[in-house]
$ cat final.pdb   # PDB, C-alpha atoms and all ligand atoms
ATOM      1  CA  MET A   1       5.537  -5.635  -5.208  1.00  0.00           C
ATOM      2  CA  VAL A   2       7.544  -2.583  -6.316  1.00  0.00           C
ATOM      3  CA  LEU A   3       7.537  -1.221  -2.778  1.00  0.00           C
ATOM      4  CA  THR A   4       8.346  -4.660  -1.396  1.00  0.00           C
ATOM      5  CA  ASP A   5      11.272  -4.921  -3.780  1.00  0.00           C
ATOM      6  CA  LEU A   6      12.630  -1.555  -2.623  1.00  0.00           C
ATOM      7  CA  LEU A   7      12.242  -2.384   1.070  1.00  0.00           C
ATOM      8  CA  ARG A   8      13.685  -5.867   0.936  1.00  0.00           C
ATOM      9  CA  GLN A   9      16.911  -4.391  -0.465  1.00  0.00           C
ATOM     10  CA  VAL A  10      17.306  -2.625   2.884  1.00  0.00           C
ATOM     11  CA  GLN A  11      15.762  -5.267   5.140  1.00  0.00           C
ATOM     12  CA  PRO A  12      15.345  -8.647   3.403  1.00  0.00           C
ATOM     13  CA  ASP A  13      13.171 -10.116   6.159  1.00  0.00           C
ATOM     14  CA  ILE A  14      10.821  -7.169   6.469  1.00  0.00           C
ATOM     15  CA  PRO A  15       7.330  -8.492   7.341  1.00  0.00           C
ATOM     16  CA  VAL A  16       4.954  -8.344   4.373  1.00  0.00           C
ATOM     17  CA  LEU A  17       1.361  -8.272   5.572  1.00  0.00           C
ATOM     18  CA  PHE A  18      -1.232  -9.841   3.263  1.00  0.00           C
ATOM     19  CA  LEU A  19      -4.900  -9.378   4.029  1.00  0.00           C
ATOM     20  CA  ASP A  20      -6.484 -12.746   3.329  1.00  0.00           C
ATOM     21  CA  THR A  21     -10.084 -11.622   3.060  1.00  0.00           C
ATOM     22  CA  PHE A  22     -11.461 -14.979   1.804  1.00  0.00           C
ATOM     23  CA  HIS A  23     -12.757 -13.112  -1.247  1.00  0.00           C
ATOM     24  CA  HIS A  24      -9.636 -12.736  -3.394  1.00  0.00           C
ATOM     25  CA  PHE A  25      -9.343 -13.759  -7.033  1.00  0.00           C
ATOM     26  CA  PRO A  26      -7.596 -17.142  -7.335  1.00  0.00           C
ATOM     27  CA  GLN A  27      -5.006 -15.365  -9.486  1.00  0.00           C
ATOM     28  CA  THR A  28      -4.197 -13.027  -6.588  1.00  0.00           C
ATOM     29  CA  LEU A  29      -3.587 -15.912  -4.195  1.00  0.00           C
ATOM     30  CA  ALA A  30      -1.430 -17.690  -6.766  1.00  0.00           C
ATOM     31  CA  TYR A  31       0.552 -14.483  -7.350  1.00  0.00           C
ATOM     32  CA  ARG A  32       1.051 -14.024  -3.593  1.00  0.00           C
ATOM     33  CA  ASP A  33       2.459 -17.534  -3.342  1.00  0.00           C
ATOM     34  CA  GLU A  34       4.622 -17.135  -6.444  1.00  0.00           C
ATOM     35  CA  MET A  35       6.131 -13.857  -5.210  1.00  0.00           C
ATOM     36  CA  THR A  36       6.676 -15.228  -1.715  1.00  0.00           C
ATOM     37  CA  ALA A  37       8.646 -18.162  -3.099  1.00  0.00           C
ATOM     38  CA  ARG A  38      10.523 -16.142  -5.709  1.00  0.00           C
ATOM     39  CA  TYR A  39      11.728 -13.457  -3.292  1.00  0.00           C
ATOM     40  CA  GLY A  40      11.766 -15.461  -0.057  1.00  0.00           C
ATOM     41  CA  LEU A  41       9.363 -12.991   1.522  1.00  0.00           C
ATOM     42  CA  ASN A  42       8.576 -12.952   5.210  1.00  0.00           C
ATOM     43  CA  LEU A  43       4.880 -13.152   4.411  1.00  0.00           C
ATOM     44  CA  ILE A  44       2.280 -12.867   7.147  1.00  0.00           C
ATOM     45  CA  ASN A  45      -1.304 -13.721   6.238  1.00  0.00           C
ATOM     46  CA  LEU A  46      -3.845 -11.731   8.218  1.00  0.00           C
ATOM     47  CA  ARG A  47      -7.360 -13.080   8.659  1.00  0.00           C
ATOM     48  CA  ALA A  48     -10.467 -12.006  10.494  1.00  0.00           C
ATOM     49  CA  ALA A  49     -10.989 -13.735  13.825  1.00  0.00           C
ATOM     50  CA  GLU A  50     -14.461 -14.697  12.650  1.00  0.00           C
ATOM     51  CA  PRO A  51     -14.561 -14.558   8.856  1.00  0.00           C
ATOM     52  CA  LYS A  52     -17.927 -14.459   7.165  1.00  0.00           C
ATOM     53  CA  VAL A  53     -17.817 -15.159   3.459  1.00  0.00           C
ATOM     54  CA  GLY A  54     -20.442 -13.181   1.575  1.00  0.00           C
ATOM     55  CA  LEU A  55     -20.918 -10.554   4.254  1.00  0.00           C
ATOM     56  CA  TRP A  56     -20.563  -7.899   1.548  1.00  0.00           C
ATOM     57  CA  GLN A  57     -23.825  -9.208   0.079  1.00  0.00           C
ATOM     58  CA  ALA A  58     -25.623 -10.344   3.240  1.00  0.00           C
ATOM     59  CA  GLU A  59     -25.021  -7.074   5.083  1.00  0.00           C
ATOM     60  CA  SER A  60     -22.864  -4.406   3.422  1.00  0.00           C
ATOM     61  CA  THR A  61     -19.470  -3.801   1.909  1.00  0.00           C
ATOM     62  CA  ASP A  62     -18.645  -1.551   4.865  1.00  0.00           C
ATOM     63  CA  ALA A  63     -19.324  -4.377   7.339  1.00  0.00           C
ATOM     64  CA  CYS A  64     -17.390  -6.849   5.203  1.00  0.00           C
ATOM     65  CA  CYS A  65     -14.354  -4.572   4.783  1.00  0.00           C
ATOM     66  CA  ALA A  66     -14.404  -3.761   8.495  1.00  0.00           C
ATOM     67  CA  ARG A  67     -14.351  -7.437   9.404  1.00  0.00           C
ATOM     68  CA  HIS A  68     -11.967  -8.812   6.796  1.00  0.00           C
ATOM     69  CA  LYS A  69      -9.626  -5.866   6.198  1.00  0.00           C
ATOM     70  CA  VAL A  70      -9.700  -3.053   8.724  1.00  0.00           C
ATOM     71  CA  GLY A  71      -9.927  -5.131  11.900  1.00  0.00           C
ATOM     72  CA  PRO A  72      -7.179  -7.651  11.075  1.00  0.00           C
ATOM     73  CA  LEU A  73      -4.782  -5.017   9.724  1.00  0.00           C
ATOM     74  CA  PHE A  74      -5.151  -2.534  12.560  1.00  0.00           C
ATOM     75  CA  SER A  75      -4.784  -5.316  15.136  1.00  0.00           C
ATOM     76  CA  SER A  76      -1.624  -6.527  13.433  1.00  0.00           C
ATOM     77  CA  LEU A  77      -0.138  -3.027  13.212  1.00  0.00           C
ATOM     78  CA  GLU A  78      -0.134  -2.848  17.015  1.00  0.00           C
ATOM     79  CA  ALA A  79       3.095  -4.856  16.854  1.00  0.00           C
ATOM     80  CA  TYR A  80       4.925  -2.264  14.727  1.00  0.00           C
ATOM     81  CA  ASP A  81       5.944   1.360  14.922  1.00  0.00           C
ATOM     82  CA  VAL A  82       6.220   1.958  11.159  1.00  0.00           C
ATOM     83  CA  TRP A  83       3.774   0.973   8.416  1.00  0.00           C
ATOM     84  CA  PHE A  84       4.986   1.186   4.812  1.00  0.00           C
ATOM     85  CA  THR A  85       2.304   1.439   2.163  1.00  0.00           C
ATOM     86  CA  ALA A  86       2.431   1.678  -1.637  1.00  0.00           C
ATOM     87  CA  LEU A  87      -0.287   4.318  -1.849  1.00  0.00           C
ATOM     88  CA  ARG A  88       0.202   6.976  -4.549  1.00  0.00           C
ATOM     89  CA  ARG A  89      -1.406  10.372  -5.028  1.00  0.00           C
ATOM     90  CA  ASP A  90      -2.353   9.621  -8.616  1.00  0.00           C
ATOM     91  CA  GLN A  91      -4.422   6.559  -7.699  1.00  0.00           C
ATOM     92  CA  SER A  92      -7.561   8.371  -6.622  1.00  0.00           C
ATOM     93  CA  ALA A  93      -9.077  11.687  -5.576  1.00  0.00           C
ATOM     94  CA  SER A  94      -9.206  10.227  -2.071  1.00  0.00           C
ATOM     95  CA  ARG A  95      -5.392   9.975  -2.099  1.00  0.00           C
ATOM     96  CA  ALA A  96      -4.523  13.297  -3.727  1.00  0.00           C
ATOM     97  CA  ASN A  97      -3.282  14.863  -0.473  1.00  0.00           C
ATOM     98  CA  LEU A  98      -1.277  11.864   0.667  1.00  0.00           C
ATOM     99  CA  GLN A  99       1.829  12.711   2.697  1.00  0.00           C
ATOM    100  CA  GLU A 100       4.991  10.637   2.427  1.00  0.00           C
ATOM    101  CA  VAL A 101       5.216  10.364   6.199  1.00  0.00           C
ATOM    102  CA  GLU A 102       2.337  10.950   8.565  1.00  0.00           C
ATOM    103  CA  PRO A 103       1.288   9.812  12.019  1.00  0.00           C
ATOM    104  CA  PHE A 104      -1.495   7.215  12.131  1.00  0.00           C
ATOM    105  CA  ARG A 105      -3.461   6.543  15.273  1.00  0.00           C
ATOM    106  CA  LEU A 106      -4.782   3.004  15.661  1.00  0.00           C
ATOM    107  CA  PRO A 107      -8.187   2.370  17.276  1.00  0.00           C
ATOM    108  CA  SER A 108      -6.394   1.479  20.516  1.00  0.00           C
ATOM    109  CA  GLY A 109      -4.982   5.011  20.637  1.00  0.00           C
ATOM    110  CA  ASN A 110      -1.440   3.886  19.852  1.00  0.00           C
ATOM    111  CA  ALA A 111       0.288   5.961  17.186  1.00  0.00           C
ATOM    112  CA  ILE A 112       2.559   4.615  14.459  1.00  0.00           C
ATOM    113  CA  ARG A 113       4.256   6.253  11.485  1.00  0.00           C
ATOM    114  CA  LYS A 114       2.650   5.597   8.114  1.00  0.00           C
ATOM    115  CA  VAL A 115       5.185   5.919   5.305  1.00  0.00           C
ATOM    116  CA  ALA A 116       4.307   6.092   1.600  1.00  0.00           C
ATOM    117  CA  PRO A 117       7.608   6.150  -0.326  1.00  0.00           C
ATOM    118  CA  LEU A 118       5.811   5.979  -3.688  1.00  0.00           C
ATOM    119  CA  ALA A 119       3.439   8.874  -2.947  1.00  0.00           C
ATOM    120  CA  ALA A 120       4.736  10.990  -5.844  1.00  0.00           C
ATOM    121  CA  TRP A 121       5.178   8.118  -8.305  1.00  0.00           C
ATOM    122  CA  THR A 122       2.906   7.765 -11.322  1.00  0.00           C
ATOM    123  CA  ALA A 123       1.469   4.514 -12.646  1.00  0.00           C
ATOM    124  CA  ARG A 124       4.014   4.779 -15.452  1.00  0.00           C
ATOM    125  CA  ASP A 125       6.850   4.962 -12.888  1.00  0.00           C
ATOM    126  CA  VAL A 126       5.580   1.764 -11.276  1.00  0.00           C
ATOM    127  CA  TRP A 127       5.325  -0.150 -14.553  1.00  0.00           C
ATOM    128  CA  ARG A 128       8.782   1.036 -15.572  1.00  0.00           C
ATOM    129  CA  TYR A 129      10.349  -0.058 -12.268  1.00  0.00           C
ATOM    130  CA  ALA A 130       8.686  -3.471 -12.492  1.00  0.00           C
ATOM    131  CA  LYS A 131       9.918  -3.933 -16.061  1.00  0.00           C
ATOM    132  CA  ASP A 132      13.459  -2.747 -15.303  1.00  0.00           C
ATOM    133  CA  HIS A 133      13.702  -5.068 -12.285  1.00  0.00           C
ATOM    134  CA  ASP A 134      12.042  -8.069 -13.893  1.00  0.00           C
ATOM    135  CA  ILE A 135       9.178  -8.150 -11.383  1.00  0.00           C
ATOM    136  CA  PRO A 136       6.282 -10.302 -12.634  1.00  0.00           C
ATOM    137  CA  LEU A 137       2.874  -8.632 -12.689  1.00  0.00           C
ATOM    138  CA  LEU A 138      -0.408  -9.959 -11.409  1.00  0.00           C
ATOM    139  CA  PRO A 139      -1.920 -11.451 -14.619  1.00  0.00           C
ATOM    140  CA  LEU A 140      -5.265  -9.713 -13.988  1.00  0.00           C
ATOM    141  CA  TYR A 141      -3.729  -6.476 -15.297  1.00  0.00           C
ATOM    142  CA  GLU A 142      -3.504  -8.093 -18.725  1.00  0.00           C
ATOM    143  CA  LEU A 143      -7.297  -8.496 -18.644  1.00  0.00           C
ATOM    144  CA  GLY A 144      -7.774  -4.742 -18.246  1.00  0.00           C
ATOM    145  CA  TYR A 145      -8.146  -4.333 -14.493  1.00  0.00           C
ATOM    146  CA  THR A 146      -6.435  -1.214 -13.176  1.00  0.00           C
ATOM    147  CA  SER A 147      -7.046  -1.578  -9.436  1.00  0.00           C
ATOM    148  CA  ILE A 148      -7.486  -5.034  -7.987  1.00  0.00           C
ATOM    149  CA  GLY A 149      -9.072  -5.935  -4.688  1.00  0.00           C
ATOM    150  CA  CYS A 150     -11.496  -8.677  -3.702  1.00  0.00           C
ATOM    151  CA  GLU A 151     -13.204 -10.476  -6.569  1.00  0.00           C
ATOM    152  CA  PRO A 152     -16.847  -9.561  -5.742  1.00  0.00           C
ATOM    153  CA  CYS A 153     -15.932  -5.876  -5.440  1.00  0.00           C
ATOM    154  CA  THR A 154     -13.657  -5.487  -8.467  1.00  0.00           C
ATOM    155  CA  THR A 155     -14.690  -4.910 -12.074  1.00  0.00           C
ATOM    156  CA  LEU A 156     -12.989  -3.423 -15.094  1.00  0.00           C
ATOM    157  CA  PRO A 157     -12.732   0.375 -14.650  1.00  0.00           C
ATOM    158  CA  ALA A 158     -15.933   2.208 -15.547  1.00  0.00           C
ATOM    159  CA  ASP A 159     -13.892   5.334 -16.346  1.00  0.00           C
ATOM    160  CA  PRO A 160     -10.626   4.708 -18.193  1.00  0.00           C
ATOM    161  CA  ASN A 161      -9.214   7.869 -16.610  1.00  0.00           C
ATOM    162  CA  ASP A 162     -10.000   6.721 -13.084  1.00  0.00           C
ATOM    163  CA  PRO A 163      -8.079   3.565 -12.172  1.00  0.00           C
ATOM    164  CA  ARG A 164     -10.182   2.883  -9.070  1.00  0.00           C
ATOM    165  CA  SER A 165     -13.543   3.285 -10.804  1.00  0.00           C
ATOM    166  CA  GLY A 166     -13.908  -0.492 -10.930  1.00  0.00           C
ATOM    167  CA  ARG A 167     -13.939  -0.877  -7.165  1.00  0.00           C
ATOM    168  CA  TRP A 168     -17.181  -1.434  -5.216  1.00  0.00           C
ATOM    169  CA  GLN A 169     -19.330  -0.549  -8.256  1.00  0.00           C
ATOM    170  CA  GLY A 170     -18.671   3.112  -7.501  1.00  0.00           C
ATOM    171  CA  GLN A 171     -20.252   2.899  -4.018  1.00  0.00           C
ATOM    172  CA  LYS A 172     -17.045   4.004  -2.291  1.00  0.00           C
ATOM    173  CA  LEU A 173     -13.392   4.702  -2.975  1.00  0.00           C
ATOM    174  CA  GLU A 174     -11.716   3.251   0.125  1.00  0.00           C
ATOM    175  CA  CYS A 175     -12.226   0.110   2.194  1.00  0.00           C
ATOM    176  CA  GLY A 176     -11.205   1.862   5.400  1.00  0.00           C
ATOM    177  CA  ILE A 177      -7.635   0.748   6.047  1.00  0.00           C
ATOM    178  CA  HIS A 178      -6.336   4.069   4.789  1.00  0.00           C
ATOM    179  CA  ILE A 179      -8.794   6.186   6.744  1.00  0.00           C
ATOM    180  CA  GLN A 180      -7.725   7.465  10.123  1.00  0.00           C
ATOM    181  CA  PRO A 181     -10.039   5.864  12.758  1.00  0.00           C
ATOM    182  CA  LYS A 182     -12.004   8.363  14.841  1.00  0.00           C
TER     183      LYS A 182
HETATM  184  S1  LIG B   1     -13.541  -5.576  -0.771  1.00  0.00           S
HETATM  185 FE1  LIG B   1     -15.562  -6.581  -0.875  1.00  0.00          FE
HETATM  186  S2  LIG B   1     -15.264  -8.757  -0.421  1.00  0.00           S
HETATM  187 FE2  LIG B   1     -13.369  -7.634   0.165  1.00  0.00          FE
HETATM  188  S3  LIG B   1     -13.578  -7.256   2.337  1.00  0.00           S
HETATM  189 FE3  LIG B   1     -14.404  -5.437   1.278  1.00  0.00          FE
HETATM  190  S4  LIG B   1     -16.618  -5.817   0.936  1.00  0.00           S
HETATM  191 FE4  LIG B   1     -15.624  -7.778   1.541  1.00  0.00          FE
END

$ encode --input "final.pdb" --output "structure tokens" --more "lines below"
Ligand code: SF4
Amino acid sequence: MVLTDLLRQVQPDIPVLFLDTFHHFPQTLAYRDEMTARYGLNLINLRAAEPKVGLWQAESTDACCARHKVGPLFSSLEAYDVWFTALRRDQSASRANLQEVEPFRLPSGNAIRKVAPLAAWTARDVWRYAKDHDIPLLPLYELGYTSIGCEPCTTLPADPNDPRSGRWQGQKLECGIHIQPK
């Protein structure tokens, strides 16, 4: 939401892509709707062509993320030449070398620019911006979550010093949308 707030000051109707994975916390869906109404966002819900609820359990988290996250997002990005993301270097070891601007090649071979304006921000910077600009927070943070994805794959952080240690029970750090396809 902090990145969205910054971008909408420049382009109020900038498309905001939301990955509707069918596995979100109800609080996340309510927050999406509340923020969309509050800021008049140009929200676009992205869904898998053939969703399969529970695929994370029936097959694997990799298969489930590929179907409900990676596929829908990469297909949607074909319509754009720039992709803004709120990734930060301090979020995870897997993001420590994040560049603010880098080329990203989609599975089709088309290249877009991936831009991470908050790359050098800390978690404290984010909280401060949200407070200073009166941006409501997803209530799940008040329960102790530090990185929030789909409900079946999100727990309270196992390591208080690693904000993403509550994701996928430690099986992986990334769902795949931020990994350059081969
Ligand atoms: S985070 Fe979990 S539930 Fe969500 S798409 Fe990935 S495996 Fe499926």

$ closest_atom_pairs --input "final.pdb" --of "chain A" --to "ligand LIG 1 (chain B)" --cutoff "12 Å" --atoms "all atoms listed in the file" --output "CSV"
residue,atom,partner,partner_atom,distance
A:Leu19,CA,B:LIG1,S3,9.1
A:Asp20,CA,B:LIG1,S3,9.0
A:Thr21,CA,B:LIG1,S3,5.6
A:Phe22,CA,B:LIG1,S2,7.6
A:His23,CA,B:LIG1,S2,5.1
A:His24,CA,B:LIG1,FE2,7.3
A:Phe25,CA,B:LIG1,S2,10.2
A:Arg47,CA,B:LIG1,S3,10.6
A:Ala48,CA,B:LIG1,S3,9.9
A:Pro51,CA,B:LIG1,S3,9.8
A:Lys52,CA,B:LIG1,FE4,9.0
A:Val53,CA,B:LIG1,S2,7.9
A:Gly54,CA,B:LIG1,S2,7.1
A:Leu55,CA,B:LIG1,FE4,6.6
A:Trp56,CA,B:LIG1,S4,4.5
A:Gln57,CA,B:LIG1,S4,8.0
A:Ala58,CA,B:LIG1,S4,10.3
A:Glu59,CA,B:LIG1,S4,9.5
A:Ser60,CA,B:LIG1,S4,6.9
A:Thr61,CA,B:LIG1,S4,3.6
A:Asp62,CA,B:LIG1,S4,6.1
A:Ala63,CA,B:LIG1,S4,7.1
A:Cys64,CA,B:LIG1,FE4,4.2
A:Cys65,CA,B:LIG1,FE3,3.6
A:Ala66,CA,B:LIG1,S3,7.1
A:Arg67,CA,B:LIG1,S3,7.1
A:His68,CA,B:LIG1,S3,5.0
A:Lys69,CA,B:LIG1,S3,5.7
A:Val70,CA,B:LIG1,S3,8.6
A:Gly71,CA,B:LIG1,S3,10.5
A:Pro72,CA,B:LIG1,S3,10.8
A:Leu73,CA,B:LIG1,S3,11.7
A:Ser147,CA,B:LIG1,S1,11.5
A:Ile148,CA,B:LIG1,S1,9.4
A:Gly149,CA,B:LIG1,S1,6.0
A:Cys150,CA,B:LIG1,FE2,4.4
A:Glu151,CA,B:LIG1,S2,6.7
A:Pro152,CA,B:LIG1,S2,5.6
A:Cys153,CA,B:LIG1,FE1,4.6
A:Thr154,CA,B:LIG1,S1,7.7
A:Thr155,CA,B:LIG1,FE1,11.4
A:Gly166,CA,B:LIG1,S1,11.4
A:Arg167,CA,B:LIG1,S1,7.9
A:Trp168,CA,B:LIG1,FE1,6.9
A:Gln169,CA,B:LIG1,FE1,10.2
A:Gln171,CA,B:LIG1,S4,10.7
A:Lys172,CA,B:LIG1,S1,10.3
A:Leu173,CA,B:LIG1,S1,10.5
A:Glu174,CA,B:LIG1,S1,9.1
A:Cys175,CA,B:LIG1,FE3,6.0
A:Gly176,CA,B:LIG1,FE3,9.0
A:Ile177,CA,B:LIG1,FE3,10.3

$ closest_residue --input "final.pdb" --among "A:Ala30, A:Leu138, A:Leu41, A:Ala86" --to "Gln11 in chain A" --atoms "only C-alpha atoms"
A:Leu41

$ residues_around --input "final.pdb" --residues "Glu78 in chain A" --least-positions-apart "6" --cutoff "12 Å" --atoms "all atoms listed in the file" --output "PDB file with C-alpha atoms, in the coordinates of the input"
ATOM      1  CA  GLY A  71      -9.927  -5.131  11.900  1.00  0.00           C
ATOM      2  CA  PRO A  72      -7.179  -7.651  11.075  1.00  0.00           C
ATOM      3  CA  PHE A 104      -1.495   7.215  12.131  1.00  0.00           C
ATOM      4  CA  ARG A 105      -3.461   6.543  15.273  1.00  0.00           C
ATOM      5  CA  LEU A 106      -4.782   3.004  15.661  1.00  0.00           C
ATOM      6  CA  PRO A 107      -8.187   2.370  17.276  1.00  0.00           C
ATOM      7  CA  SER A 108      -6.394   1.479  20.516  1.00  0.00           C
ATOM      8  CA  GLY A 109      -4.982   5.011  20.637  1.00  0.00           C
ATOM      9  CA  ASN A 110      -1.440   3.886  19.852  1.00  0.00           C
ATOM     10  CA  ALA A 111       0.288   5.961  17.186  1.00  0.00           C
ATOM     11  CA  ILE A 112       2.559   4.615  14.459  1.00  0.00           C
ATOM     12  CA  ARG A 113       4.256   6.253  11.485  1.00  0.00           C
TER      13      ARG A 113
END

$ closest_residue --input "final.pdb" --among "A:Phe18, A:Trp121, A:Tyr39, A:Phe74" --to "Gln180 in chain A" --atoms "all atoms listed in the file"
A:Phe74

$ atom_distance --input "final.pdb" --atom1 "CA of Pro157 in chain A" --atom2 "CA of Ile135 in chain A"
23.7 Å

$ closest_residue --input "final.pdb" --among "A:Gly170, A:Ala96, A:Arg8, A:Thr28" --to "Gly40 in chain A" --atoms "all atoms listed in the file"
A:Arg8

$ residues_around --input "final.pdb" --residues "Leu118 in chain A" --least-positions-apart "4" --cutoff "8 Å" --atoms "only C-alpha atoms" --output "VMD selection string"
chain A and resid 3 86 to 88 100

$ write_last_selection --input "final.pdb" --atoms "C-alpha atoms" --output "PDB file, in the frame of the given file"
ATOM      1  CA  LEU A   3       7.537  -1.221  -2.778  1.00  0.00           C
ATOM      2  CA  ALA A  86       2.431   1.678  -1.637  1.00  0.00           C
ATOM      3  CA  LEU A  87      -0.287   4.318  -1.849  1.00  0.00           C
ATOM      4  CA  ARG A  88       0.202   6.976  -4.549  1.00  0.00           C
ATOM      5  CA  GLU A 100       4.991  10.637   2.427  1.00  0.00           C
TER       6      GLU A 100
END

$ resolve_selection --input "final.pdb" --expression "the PyMOL selection byres (((chain A and resi 14) around 12) and not hetatm)" --output "PyMOL selection string"
chain A and resi 3-13+15-17+39-44+80+82-84

$ atom_distance --input "final.pdb" --atom1 "CA of Asp162 in chain A" --atom2 "CA of Arg124 in chain A"
14.3 Å

$ closest_residue --input "final.pdb" --among "A:Leu98, A:Met1, A:Leu46, A:Ala130" --to "Ala116 in chain A" --atoms "all atoms listed in the file"
A:Leu98

$ closest_residue --input "final.pdb" --among "A:Asp90, A:Asp132, A:Asp125, A:Asp33" --to "Asn45 in chain A" --atoms "only C-alpha atoms"
A:Asp33

$ axis_aligned_box --input "final.pdb" --around "range 101-111 of chain A" --padding-each-side "3 Å" --output "JSON"
{"center_x": -1.5, "center_y": 6.2, "center_z": 13.4, "size_x": 19.4, "size_y": 15.5, "size_z": 20.4}

$ atom_distance --input "final.pdb" --atom1 "CA of Arg164 in chain A" --atom2 "CA of Val101 in chain A"
22.9 Å

$ closest_residue --input "final.pdb" --among "A:Pro26, A:Gly144, A:Pro117, A:Pro136" --to "Glu102 in chain A" --atoms "all atoms listed in the file"
A:Pro117

$ resolve_selection --input "final.pdb" --expression "the PyMOL selection byres (((chain A and resi 137) around 12) and not hetatm)" --output "CSV table (one decimal) with C-alpha atoms, in the frame of the given file"
chain,number,residue,atom,x,y,z
A,1,MET,CA,5.5,-5.6,-5.2
A,2,VAL,CA,7.5,-2.6,-6.3
A,27,GLN,CA,-5.0,-15.4,-9.5
A,28,THR,CA,-4.2,-13.0,-6.6
A,30,ALA,CA,-1.4,-17.7,-6.8
A,31,TYR,CA,0.6,-14.5,-7.4
A,32,ARG,CA,1.1,-14.0,-3.6
A,34,GLU,CA,4.6,-17.1,-6.4
A,35,MET,CA,6.1,-13.9,-5.2
A,126,VAL,CA,5.6,1.8,-11.3
A,127,TRP,CA,5.3,-0.2,-14.6
A,128,ARG,CA,8.8,1.0,-15.6
A,129,TYR,CA,10.3,-0.1,-12.3
A,130,ALA,CA,8.7,-3.5,-12.5
A,131,LYS,CA,9.9,-3.9,-16.1
A,133,HIS,CA,13.7,-5.1,-12.3
A,134,ASP,CA,12.0,-8.1,-13.9
A,135,ILE,CA,9.2,-8.2,-11.4
A,136,PRO,CA,6.3,-10.3,-12.6
A,138,LEU,CA,-0.4,-10.0,-11.4
A,139,PRO,CA,-1.9,-11.5,-14.6
A,140,LEU,CA,-5.3,-9.7,-14.0
A,141,TYR,CA,-3.7,-6.5,-15.3
A,142,GLU,CA,-3.5,-8.1,-18.7
A,143,LEU,CA,-7.3,-8.5,-18.6
A,145,TYR,CA,-8.1,-4.3,-14.5
A,146,THR,CA,-6.4,-1.2,-13.2
A,148,ILE,CA,-7.5,-5.0,-8.0
